[in-house]
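Participant: Coordinates in coords-v2.txt, compact mmCIF, C-alpha atoms, are listed below.
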```
# COMPACT_ATOMS: atom_id res chain seq x y z
CA MET C 1 55.86 -38.23 -11.20
CA LYS C 2 52.30 -39.55 -11.27
CA GLY C 3 49.65 -36.86 -11.40
CA LEU C 4 51.93 -34.04 -12.50
CA PHE C 5 50.09 -31.77 -14.96
CA SER C 6 52.62 -29.05 -15.64
CA ASN C 7 55.68 -27.46 -14.16
CA GLN C 8 56.09 -23.95 -12.91
CA VAL C 9 53.61 -21.46 -14.36
CA SER C 10 55.19 -18.43 -12.73
CA LYS C 11 57.86 -17.94 -10.11
CA LYS C 12 55.75 -19.14 -7.18
CA VAL C 13 52.61 -20.52 -8.86
CA LYS C 14 52.29 -24.18 -9.86
CA SER C 15 49.52 -26.25 -11.45
CA ILE C 16 49.17 -29.98 -10.76
CA THR C 17 46.67 -32.62 -11.91
CA LEU C 18 45.22 -34.95 -9.30
CA SER C 19 44.18 -38.26 -10.85
CA THR C 20 40.69 -39.32 -9.89
CA ALA C 21 38.04 -41.84 -10.86
CA PHE C 22 34.67 -40.30 -10.09
CA ILE C 23 31.70 -42.14 -11.52
CA GLY C 24 28.27 -40.70 -12.27
CA GLY C 25 25.03 -42.03 -13.71
CA ALA C 26 21.68 -40.86 -15.01
CA CYS C 27 19.84 -38.36 -12.82
CA ILE C 28 16.57 -39.40 -11.21
CA SER C 29 13.93 -36.68 -11.42
CA SER C 30 11.49 -38.19 -8.95
CA LEU C 31 10.77 -41.35 -6.98
CA PRO C 32 7.57 -43.17 -6.03
CA ALA C 33 6.30 -43.04 -2.48
CA LEU C 34 7.78 -45.62 -0.13
CA ALA C 35 5.85 -48.05 2.04
CA ALA C 36 4.32 -46.24 5.03
CA SER C 37 5.88 -47.02 8.40
CA GLU C 38 4.86 -45.52 11.72
CA LEU C 39 7.56 -43.88 13.80
CA GLU C 40 7.69 -44.43 17.52
CA SER C 41 10.62 -42.15 18.27
CA THR C 42 12.64 -39.24 16.95
CA ALA C 43 15.52 -41.73 16.77
CA LEU C 44 14.66 -43.94 13.82
CA ALA C 45 15.77 -47.46 13.10
CA GLY C 46 18.49 -47.76 10.46
CA SER C 47 17.42 -48.87 7.01
CA SER C 48 18.76 -49.74 3.58
CA LEU C 49 16.51 -48.92 0.63
CA ILE C 50 16.49 -49.89 -3.02
CA THR C 51 13.38 -48.30 -4.53
CA TYR C 52 11.07 -50.01 -6.98
CA SER C 53 12.21 -47.75 -9.81
CA SER C 54 15.88 -48.50 -9.15
CA GLN C 55 15.17 -52.26 -9.02
CA GLN C 56 13.44 -52.07 -12.39
CA HIS C 57 16.30 -50.03 -13.86
CA LEU C 58 18.89 -52.46 -12.52
CA LYS C 59 17.23 -55.28 -14.40
CA SER C 60 17.63 -53.45 -17.71
CA ASN C 61 20.86 -51.55 -17.11
CA GLN C 62 23.67 -53.01 -15.05
CA ASP C 63 25.56 -49.69 -15.15
CA TYR C 64 22.81 -47.88 -13.26
CA TYR C 65 23.84 -46.43 -9.89
CA PHE C 66 21.58 -45.20 -7.10
CA ASP C 67 23.23 -43.62 -4.07
CA GLN C 68 22.22 -45.42 -0.88
CA ASN C 69 22.82 -42.35 1.29
CA ALA C 70 20.20 -40.47 -0.74
CA ALA C 71 17.89 -43.49 -0.79
CA GLN C 72 17.97 -43.90 2.97
CA LEU C 73 17.43 -40.17 3.43
CA ILE C 74 14.28 -40.43 1.30
CA GLU C 75 12.96 -43.38 3.30
CA ARG C 76 13.69 -41.80 6.67
CA THR C 77 12.03 -38.54 5.65
CA GLU C 78 8.87 -40.28 4.46
CA LYS C 79 8.67 -42.16 7.75
CA ALA C 80 8.93 -38.82 9.54
CA ILE C 81 6.06 -37.46 7.43
CA ASN C 82 3.86 -40.41 8.37
CA TRP C 83 4.68 -39.96 12.05
CA TYR C 84 3.90 -36.23 12.03
CA LYS C 85 0.60 -36.97 10.29
CA GLU C 86 -0.25 -39.14 13.27
CA ILE C 87 0.77 -36.37 15.69
CA VAL C 88 -1.43 -33.87 13.85
CA SER C 89 -4.41 -36.26 13.80
CA ASN C 90 -4.04 -36.68 17.58
CA GLY C 91 -4.32 -32.95 18.21
CA GLY C 92 -0.76 -31.73 17.73
CA PHE C 93 1.62 -30.40 20.35
CA ILE C 94 0.62 -28.86 23.66
CA PRO C 95 1.27 -25.09 23.74
CA LEU C 96 3.83 -23.79 26.24
CA GLN C 97 3.61 -20.51 28.11
CA ILE C 98 6.97 -20.26 29.83
CA SER C 99 7.65 -16.88 31.38
CA GLU C 100 11.14 -17.45 32.75
CA LEU C 101 14.30 -19.37 31.95
CA LEU C 102 14.08 -23.08 32.78
CA GLU C 103 17.27 -24.98 33.47
CA LEU C 104 18.75 -27.80 35.54
CA GLY C 105 17.16 -27.66 39.01
CA SER C 106 14.04 -25.67 38.02
CA THR C 107 10.72 -26.89 39.43
CA GLY C 108 7.03 -26.21 38.94
CA LYS C 109 4.13 -26.84 36.56
CA GLU C 110 6.06 -25.28 33.66
CA VAL C 111 8.63 -28.07 33.95
CA ASN C 112 5.81 -30.65 33.88
CA LEU C 113 4.45 -29.14 30.66
CA LEU C 114 7.96 -28.95 29.18
CA ALA C 115 8.53 -32.64 29.90
CA GLU C 116 5.21 -33.55 28.30
CA ARG C 117 6.06 -31.48 25.20
CA LEU C 118 9.52 -33.05 24.88
CA TYR C 119 7.95 -36.50 25.18
CA GLN C 120 5.58 -35.76 22.30
CA GLU C 121 8.52 -35.75 19.87
CA ARG C 122 10.38 -38.38 21.92
CA ASP C 123 13.34 -36.17 22.71
CA LEU C 124 12.43 -37.27 26.23
CA LYS C 125 12.18 -41.04 26.04
CA ASN C 126 10.22 -41.58 29.25
CA ASN C 127 8.03 -38.96 30.92
CA ALA C 128 7.96 -39.34 34.69
CA CYS C 129 6.42 -35.88 35.18
CA THR C 130 2.77 -36.88 34.89
CA ASP C 131 1.34 -36.21 38.33
CA ALA C 132 3.58 -34.70 41.00
CA GLU C 133 5.47 -31.42 40.60
CA CYS C 134 8.47 -32.14 38.43
CA THR C 135 12.13 -31.15 38.73
CA PHE C 136 14.24 -30.20 35.69
CA ASP C 137 16.72 -33.08 35.98
CA GLN C 138 19.54 -34.38 33.79
CA GLN C 139 17.15 -36.47 31.68
CA ILE C 140 15.14 -33.39 30.79
CA GLU C 141 18.34 -31.42 30.19
CA GLN C 142 19.58 -34.06 27.72
CA ALA C 143 16.18 -34.04 26.01
CA VAL C 144 16.35 -30.25 25.67
CA LYS C 145 19.86 -30.50 24.22
CA GLN C 146 18.72 -33.03 21.64
CA PHE C 147 15.76 -30.83 20.70
CA GLN C 148 18.07 -27.82 20.36
CA ARG C 149 20.58 -29.78 18.28
CA ARG C 150 18.02 -30.93 15.73
CA HIS C 151 16.54 -27.45 15.43
CA GLY C 152 19.88 -25.69 14.87
CA LEU C 153 19.78 -23.86 18.20
CA LYS C 154 22.58 -23.21 20.68
CA VAL C 155 22.94 -26.49 22.55
CA ASP C 156 23.08 -25.47 26.22
CA GLY C 157 20.22 -27.46 27.77
CA ARG C 158 18.48 -24.27 28.94
CA VAL C 159 14.97 -23.32 27.84
CA GLY C 160 14.89 -19.62 26.92
CA LYS C 161 12.89 -17.60 24.40
CA ARG C 162 14.38 -19.13 21.24
CA THR C 163 13.92 -22.70 22.44
CA VAL C 164 10.35 -21.97 23.61
CA ALA C 165 9.57 -20.47 20.19
CA LYS C 166 10.72 -23.66 18.46
CA LEU C 167 8.79 -25.83 20.94
CA ASN C 168 5.66 -23.85 20.04
CA VAL C 169 5.91 -24.42 16.29
CA PRO C 170 2.68 -26.32 15.46
CA ALA C 171 2.90 -29.94 14.38
CA LYS C 172 1.00 -29.13 11.17
CA VAL C 173 3.64 -26.53 10.23
CA LYS C 174 6.38 -29.13 10.75
CA LEU C 175 4.44 -31.67 8.72
CA ASN C 176 4.10 -29.27 5.77
CA LYS C 177 7.79 -28.43 6.04
CA LEU C 178 8.67 -32.13 5.84
CA LYS C 179 6.38 -32.56 2.80
CA LEU C 180 7.99 -29.65 1.01
CA ASN C 181 11.49 -30.92 1.68
CA PHE C 182 10.54 -34.48 0.73
CA TYR C 183 9.94 -33.13 -2.77
CA ARG C 184 13.35 -31.45 -2.74
CA ILE C 185 15.11 -34.56 -1.42
CA THR C 186 13.51 -36.94 -3.94
CA ASN C 187 14.74 -34.62 -6.71
CA PHE C 188 18.29 -34.50 -5.34
CA ALA C 189 20.71 -34.50 -8.29
CA GLY C 190 23.37 -36.36 -6.30
CA SER C 191 21.28 -39.53 -6.06
CA SER C 192 23.00 -40.91 -9.17
CA ASP C 193 26.58 -39.98 -8.15
CA GLU C 194 28.86 -42.61 -6.68
CA GLN C 195 30.72 -39.89 -4.83
CA TYR C 196 29.92 -36.26 -4.39
CA VAL C 197 30.00 -33.23 -2.12
CA TYR C 198 26.83 -31.57 -0.95
CA VAL C 199 26.23 -28.45 1.10
CA ASN C 200 22.90 -28.05 2.88
CA ILE C 201 22.65 -24.27 3.05
CA PRO C 202 20.17 -23.86 5.96
CA GLU C 203 22.05 -26.50 7.97
CA TYR C 204 25.42 -24.76 7.45
CA THR C 205 26.99 -28.16 6.74
CA LEU C 206 29.14 -29.73 3.99
CA ARG C 207 29.36 -33.49 3.48
CA TYR C 208 31.50 -35.69 1.25
CA VAL C 209 29.74 -38.95 0.31
CA LYS C 210 31.42 -41.97 -1.27
CA ALA C 211 29.66 -45.24 -2.13
CA GLY C 212 26.67 -44.31 0.01
CA GLU C 213 28.70 -43.43 3.12
CA VAL C 214 29.34 -40.00 4.57
CA LYS C 215 33.14 -39.80 4.75
CA LEU C 216 33.36 -36.18 5.86
CA GLN C 217 31.11 -33.67 7.60
CA ASN C 218 32.19 -30.07 8.06
CA ASN C 219 30.65 -26.83 9.32
CA VAL C 220 30.30 -24.01 6.82
CA ILE C 221 29.29 -20.36 6.58
CA VAL C 222 26.90 -19.39 3.78
CA GLY C 223 25.60 -16.16 2.26
CA LYS C 224 23.64 -13.71 4.34
CA PRO C 225 20.01 -13.04 3.27
CA SER C 226 21.13 -10.01 1.26
CA TRP C 227 23.80 -12.14 -0.53
CA LYS C 228 22.02 -15.49 -0.87
CA THR C 229 24.02 -18.63 -1.68
CA PRO C 230 22.10 -20.17 -4.61
CA ALA C 231 21.10 -23.83 -4.79
CA PHE C 232 22.55 -25.58 -7.86
CA SER C 233 24.72 -28.49 -8.98
CA ASP C 234 28.16 -28.33 -10.56
CA GLU C 235 31.56 -30.09 -10.48
CA ILE C 236 34.69 -29.29 -8.52
CA GLU C 237 37.47 -29.05 -11.11
CA LYS C 238 40.40 -27.98 -8.96
CA PHE C 239 41.55 -26.59 -5.64
CA VAL C 240 44.14 -23.88 -5.04
CA VAL C 241 46.53 -23.71 -2.09
CA ASN C 242 47.41 -20.17 -0.92
CA PRO C 243 44.98 -18.52 -3.37
CA GLU C 244 44.76 -14.90 -4.31
CA TRP C 245 41.39 -13.26 -3.84
CA ARG C 246 39.93 -11.93 -7.06
CA ILE C 247 37.68 -9.30 -5.53
CA PRO C 248 34.21 -9.20 -7.16
CA THR C 249 33.31 -5.97 -8.93
CA SER C 250 30.38 -5.42 -6.58
CA ILE C 251 32.62 -5.47 -3.50
CA ALA C 252 35.38 -3.51 -5.25
CA THR C 253 33.05 -0.67 -6.21
CA LYS C 254 30.55 -0.62 -3.34
CA GLU C 255 32.83 -1.37 -0.38
CA ILE C 256 36.51 -0.87 -1.22
CA ALA C 257 36.43 2.17 -3.51
CA PRO C 258 34.90 4.46 -0.84
CA LYS C 259 37.59 3.34 1.64
CA VAL C 260 40.39 4.10 -0.85
CA ALA C 261 38.82 7.51 -1.52
CA LYS C 262 39.14 8.29 2.21
CA ASP C 263 42.54 6.66 2.67
CA PRO C 264 44.93 6.57 -0.36
CA HIS C 265 47.08 3.97 1.45
CA TYR C 266 44.19 1.55 2.04
CA LEU C 267 45.17 -0.83 -0.79
CA ALA C 268 48.82 -1.03 0.29
CA LYS C 269 47.83 -1.61 3.93
CA ASN C 270 45.56 -4.49 2.89
CA ASP C 271 47.94 -6.07 0.34
CA ILE C 272 45.61 -5.33 -2.60
CA GLU C 273 46.86 -4.48 -6.06
CA VAL C 274 45.12 -3.10 -9.15
CA ARG C 275 45.60 -5.21 -12.28
CA LYS C 276 45.04 -3.72 -15.67
CA ASN C 277 43.13 -6.05 -18.00
CA SER C 278 42.24 -9.17 -16.00
CA TYR C 279 42.69 -10.84 -12.65
CA LEU C 280 45.52 -12.91 -14.10
CA ASP C 281 47.21 -9.91 -15.71
CA SER C 282 50.81 -9.27 -14.66
CA LYS C 283 50.39 -5.57 -15.49
CA THR C 284 49.45 -3.45 -12.49
CA VAL C 285 48.01 0.05 -12.27
CA ASN C 286 49.13 2.79 -9.90
CA PRO C 287 46.07 3.40 -7.66
CA SER C 288 46.91 7.10 -7.42
CA ASN C 289 46.03 7.40 -11.12
CA ILE C 290 42.40 6.36 -10.43
CA ASP C 291 39.65 8.74 -9.33
CA TRP C 292 38.19 6.56 -6.57
CA GLN C 293 35.46 9.04 -5.67
CA ALA C 294 34.04 8.88 -9.18
CA ILE C 295 33.62 5.08 -9.20
CA LYS C 296 29.98 3.94 -9.33
CA PRO C 297 28.61 0.54 -8.22
CA TYR C 298 29.56 -2.26 -10.63
CA GLN C 299 31.56 0.17 -12.82
CA PHE C 300 35.32 -0.29 -12.68
CA ASP C 301 37.79 -0.45 -15.58
CA HIS C 302 40.38 -2.60 -13.81
CA PHE C 303 40.56 -5.51 -11.35
CA LEU C 304 41.36 -5.67 -7.64
CA VAL C 305 43.33 -8.66 -6.34
CA LYS C 306 44.28 -9.34 -2.73
CA ARG C 307 47.54 -11.28 -2.62
CA ALA C 308 47.83 -14.57 -0.74
CA GLY C 309 48.66 -14.25 2.94
CA ASP C 310 47.40 -14.48 6.50
CA GLU C 311 44.80 -11.74 5.98
CA ASN C 312 43.44 -13.08 2.69
CA PRO C 313 39.69 -13.72 3.19
CA LEU C 314 40.00 -16.97 1.18
CA GLY C 315 42.45 -18.35 3.72
CA GLU C 316 44.78 -21.14 2.66
CA VAL C 317 42.68 -23.02 0.10
CA LYS C 318 39.73 -22.64 -2.26
CA TYR C 319 37.75 -25.23 -4.23
CA LEU C 320 36.62 -24.13 -7.67
CA PHE C 321 33.59 -25.21 -9.69
CA PRO C 322 33.26 -22.42 -12.30
CA ASN C 323 29.67 -21.18 -12.46
CA PRO C 324 27.79 -18.02 -13.51
CA GLU C 325 27.14 -17.14 -9.86
CA ALA C 326 30.91 -17.05 -9.07
CA ILE C 327 30.30 -19.26 -6.00
CA TYR C 328 33.06 -21.45 -4.55
CA VAL C 329 34.13 -23.12 -1.30
CA HIS C 330 37.06 -21.64 0.60
CA ASP C 331 38.91 -21.25 3.89
CA THR C 332 38.61 -18.13 6.06
CA PRO C 333 40.83 -16.47 8.67
CA ALA C 334 37.71 -15.65 10.75
CA LYS C 335 37.58 -19.03 12.50
CA GLN C 336 35.65 -17.66 15.48
CA ARG C 337 32.50 -17.33 13.40
CA PHE C 338 32.10 -21.10 13.23
CA GLY C 339 31.15 -20.96 16.91
CA GLN C 340 27.90 -19.19 15.97
CA THR C 341 24.75 -21.25 15.48
CA GLN C 342 23.40 -18.90 12.79
CA ARG C 343 26.06 -18.74 10.08
CA ALA C 344 24.47 -16.91 7.14
CA LEU C 345 27.29 -14.36 7.13
CA SER C 346 29.17 -14.35 3.81
CA HIS C 347 28.80 -12.54 0.47
CA GLY C 348 27.47 -15.76 -1.09
CA CYS C 349 30.50 -18.06 -1.19
CA ILE C 350 30.83 -20.99 1.21
CA ARG C 351 33.46 -20.82 3.95
CA VAL C 352 34.51 -24.17 5.40
CA GLU C 353 35.71 -24.71 8.97
CA LYS C 354 38.37 -27.39 8.37
CA PRO C 355 39.55 -26.22 4.95
CA PHE C 356 41.96 -28.99 4.00
CA SER C 357 39.74 -31.86 5.18
CA LEU C 358 38.00 -32.12 1.79
CA ALA C 359 41.28 -32.08 -0.16
CA ARG C 360 42.69 -34.80 2.09
CA GLU C 361 39.60 -36.97 1.60
CA ILE C 362 39.79 -36.60 -2.17
CA ILE C 363 43.50 -37.42 -2.18
CA LYS C 364 43.09 -40.33 0.27
CA HIS C 365 40.34 -42.04 -1.69
CA GLN C 366 42.40 -41.79 -4.88
CA GLY C 367 45.64 -43.05 -3.34
CA GLU C 368 47.55 -39.96 -4.43
CA THR C 369 49.99 -39.87 -1.51
CA HIS C 370 52.56 -37.83 -3.47
CA THR C 371 49.91 -35.15 -4.04
CA LEU C 372 49.35 -34.92 -0.30
CA LYS C 373 53.06 -34.24 0.13
CA GLN C 374 52.99 -31.58 -2.60
CA MET C 375 50.02 -29.89 -0.97
CA ASP C 376 51.72 -29.81 2.42
CA GLU C 377 54.93 -28.44 0.88
CA ALA C 378 52.98 -25.63 -0.79
CA ARG C 379 51.50 -24.69 2.58
CA VAL C 380 54.90 -24.66 4.28
CA ASN C 381 56.58 -22.69 1.47
CA ASP C 382 53.65 -20.24 1.03
CA THR C 383 53.48 -20.96 -2.70
CA THR C 384 50.28 -20.60 -4.71
CA GLN C 385 49.67 -24.03 -6.23
CA THR C 386 46.71 -25.39 -8.21
CA PHE C 387 45.66 -29.05 -8.14
CA HIS C 388 43.43 -30.18 -11.04
CA LEU C 389 41.11 -33.18 -10.85
CA ASP C 390 41.24 -35.40 -13.95
CA GLU C 391 37.58 -36.28 -13.39
CA PRO C 392 35.57 -33.45 -11.76
CA LEU C 393 33.86 -34.19 -8.44
CA PRO C 394 30.11 -33.41 -8.39
CA ILE C 395 29.03 -30.80 -5.87
CA HIS C 396 25.42 -30.02 -5.00
CA LEU C 397 24.26 -26.95 -3.09
CA VAL C 398 20.85 -27.78 -1.65
CA TYR C 399 18.23 -25.96 0.40
CA TRP C 400 16.74 -28.47 2.85
CA THR C 401 15.01 -27.09 5.94
CA ALA C 402 13.67 -30.44 7.17
CA TRP C 403 15.15 -33.94 6.88
CA VAL C 404 16.21 -36.98 8.92
CA ASP C 405 19.96 -37.11 9.46
CA GLU C 406 22.54 -39.91 9.61
CA ASP C 407 21.97 -40.18 13.37
CA MET C 408 18.28 -40.85 12.67
CA LEU C 409 17.11 -37.55 14.19
CA ILE C 410 14.40 -35.43 12.55
CA ASN C 411 15.92 -32.02 11.85
CA PHE C 412 14.32 -28.63 11.20
CA ARG C 413 16.11 -25.42 10.28
CA ASP C 414 15.16 -21.77 9.78
CA ASP C 415 14.04 -20.71 6.32
CA ILE C 416 16.92 -18.22 6.10
CA TYR C 417 16.14 -17.08 2.55
CA GLN C 418 12.32 -17.39 2.77
CA HIS C 419 12.25 -20.06 0.04
CA ASP C 420 9.83 -22.18 2.08
CA THR C 421 7.50 -19.24 2.61
CA LYS C 422 7.18 -18.80 -1.15
CA ALA C 423 6.29 -22.48 -1.61
CA LEU C 424 3.92 -23.01 1.33
CA LEU C 425 1.07 -25.44 0.76
CA ASN C 426 -2.32 -23.78 0.52
CA ASP C 427 -3.89 -26.68 2.37
CA GLU C 428 -2.86 -30.11 3.52
CA GLU C 429 -4.57 -31.82 0.59
CA GLN C 430 -2.62 -29.92 -2.05
CA SER C 431 0.37 -31.79 -3.44
CA VAL C 432 3.83 -30.40 -2.82
CA ILE C 433 4.66 -30.46 -6.52
CA ALA C 434 1.53 -28.45 -7.35
CA ALA C 435 2.42 -25.92 -4.69
CA LEU C 436 5.94 -25.49 -6.04
CA ILE C 437 4.86 -25.24 -9.67
CA LYS C 438 2.29 -22.62 -8.77
```
Please lay out the structure from this file as structure tokens.
Facilitator:
Amino acid sequence: MKGLFSNQVSKKVKSITLSTAFIGGACISSLPALAASELESTALAGSSLITYSSQQHLKSNQDYYFDQNAAQLIERTEKAINWYKEIVSNGGFIPLQISELLELGSTGKEVNLLAERLYQERDLKNNACTDAECTFDQQIEQAVKQFQRRHGLKVDGRVGKRTVAKLNVPAKVKLNKLKLNFYRITNFAGSSDEQYVYVNIPEYTLRYVKAGEVKLQNNVIVGKPSWKTPAFSDEIEKFVVNPEWRIPTSIATKEIAPKVAKDPHYLAKNDIEVRKNSYLDSKTVNPSNIDWQAIKPYQFDHFLVKRAGDENPLGEVKYLFPNPEAIYVHDTPAKQRFGQTQRALSHGCIRVEKPFSLAREIIKHQGETHTLKQMDEARVNDTTQTFHLDEPLPIHLVYWTAWVDEDMLINFRDDIYQHDTKALLNDEEQSVIAALIK
């Protein structure tokens, strides 16, 4: 059978190799500035960019690859910077003092000012509220929804405190945020990968890109501010169906041990077992032989493992890219949390809303139809099964708080880990690189 790596490892655990053909090239550390182009709207015209440096490299090296999704993102973001420079030079945004909720049907001078403010960033394409008292109509409602969507707010078309706060962010602050993120984007490690996964942490979104096209977009949950998800690049080596949860020592000692000390049956109730020498050890330890009250943070002689099942916090699948931070992508039984707009909720790992969508994309683009059948059978039979990729798939965890998306909308997100705050420009003349190095 094509793709089969090995037979049964244990009674219900299998390991399978998924043939792949991922291609990568040399990483680009930085790119020259693109030709300036004035924006007339938040919705930008589509573009296809091959930079000067990539053209020169192509002449000398036919194997060179530059990802067009990354290239277009760079071009769109620079256009946004040029447009916000123009907004700043023209005096910036008008301030709003809105004392009550504005929604469909509202009237008054506050609606006039709201319409003018929405028009400044072209969320409202045409502003008819210039003279007479204006009514909050469907056009304004749609403009508010677009503004909320590109700022990561709850999209309800109503202007409350959170939306007003975002509307009152100065244009200069947005400009500096775009400059900072332009540096991050031009140094994106995935720009030389023909196909890759990337997770934008502040956006709470995972994408799978192949040959310059976004083939998959999925909502995710990332680490809370006290358990930050780090930004780094690695390679997905395998995914596991019906995984066990190898509980980190920090959680085992700081969260679970006190619960076991209060309730000796806690581990049995939660389908957790104590393994002697390693997570993979078949030898288990009787929890009654452990003094749970004496356990100190990060100090535990054994290993806690939660068996696969409906209550396993990893859900039905996890994607592994071994790294010192012990970060990976996985399913979760807490599906309701994906309905929240602010999703910095985990202990650092990345929870994905449609957990098998990435596996199916990988399998589909490699033509491994038999592997798809094996994966589905493992789900039905509740077996723990590992699928190895012959060629690892690059994955990049990035921290972008401002960019221009595939729908050509300029996006801004909260600085959930305060990384932007630490790299703020001292003044508008200072280069972004100098600010970051300092």
Participant: For C:His396, which of C:Gly339, C:Gly190, C:Pro355, C:Pro322 is the closest residue, counting all atoms listed in the file?
Facilitator: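 Result for the nearest residue to C:His396: C:Gly190.
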Participant: Counting only C-alpha atoms, which residue out of C:Gln299, C:Ser346, C:Ser282, C:Ser357 sits closest to C:Val317?
Facilitator: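 For C:Val317, the nearest of the candidates is C:Ser357.
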Participant: Rank C:Glu100, C:Glu116, C:Glu255, C:Glu203 by their smallest atom-to-atom distance to C:Asp414, using all atoms listed in the file, and report the top residue only.
Facilitator: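 When distances to C:Asp414 are compared using all atoms listed in the file, the smallest one comes from C:Glu203.
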Participant: One number please: atom CA of C:Lys306 to atom CA of C:Asn270, in Å, one decimal.
Facilitator: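 We find that atom CA of C:Lys306 and atom CA of C:Asn270 lie 7.5 Å from each other.
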Participant: Under the rule that all atoms listed in the file are counted, which of C:Glu86, C:Asp291, C:Asp271, C:Glu237 is the nearest residue to C:Tyr319?
Facilitator: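 Distance minimum relative to C:Tyr319 lands on C:Glu237.
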Participant: Of the residues C:Glu368, C:Asp301, C:Asp234, C:Thr383, which is the one nearest to C:Glu325, using all atoms listed in the file?
Facilitator: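 For C:Glu325, the nearest of the given residues is C:Asp234.
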Participant: Could you tell me how far atom CA of C:Phe136 lies from atom CA of C:Gly105, in Å and to one decimal?
Facilitator: 5.1 Å
Participant: Can you tell me, as a list of chain:residue names, which residues sit within 8 Å of (27.6, -25.7, 1.0) in the file's frame, using all atoms listed in the file?
Facilitator: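 Applying the cut-off with all atoms listed in the file, one gets C:Tyr198, C:Val199, C:Asn200, C:Ile201, C:Tyr204, C:Thr205, C:Leu206, C:Val220, C:Ile221, C:Val222, C:Val329, C:Ile350, C:His396, C:Leu397, C:Val398.
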Participant: One decimal, Å: what's the distance from atom CA of C:Pro243 over to atom CA of C:Thr386, could you say?
Facilitator: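 Separating atom CA of C:Pro243 from atom CA of C:Thr386 is a distance of 8.6 Å.
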Participant: Fewer than 6 positions away in the same chain doesn't count, so skip those; otherwise give me all residues within 9 Å of C:Tyr328, counting only C-alpha atoms, as a PDB file with C-alpha atoms, in the coordinates of the input.
Facilitator:
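Saved result, selection.pdb, follows:
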```pdb
ATOM      1  CA  ILE C 236      34.690 -29.290  -8.520  1.00  0.00           C
ATOM      2  CA  LYS C 318      39.730 -22.640  -2.260  1.00  0.00           C
ATOM      3  CA  TYR C 319      37.750 -25.230  -4.230  1.00  0.00           C
ATOM      4  CA  LEU C 320      36.620 -24.130  -7.670  1.00  0.00           C
ATOM      5  CA  PHE C 321      33.590 -25.210  -9.690  1.00  0.00           C
ATOM      6  CA  PRO C 322      33.260 -22.420 -12.300  1.00  0.00           C
ATOM      7  CA  GLY C 348      27.470 -15.760  -1.090  1.00  0.00           C
ATOM      8  CA  CYS C 349      30.500 -18.060  -1.190  1.00  0.00           C
ATOM      9  CA  ILE C 350      30.830 -20.990   1.210  1.00  0.00           C
ATOM     10  CA  ARG C 351      33.460 -20.820   3.950  1.00  0.00           C
TER      11      ARG C 351
END
```
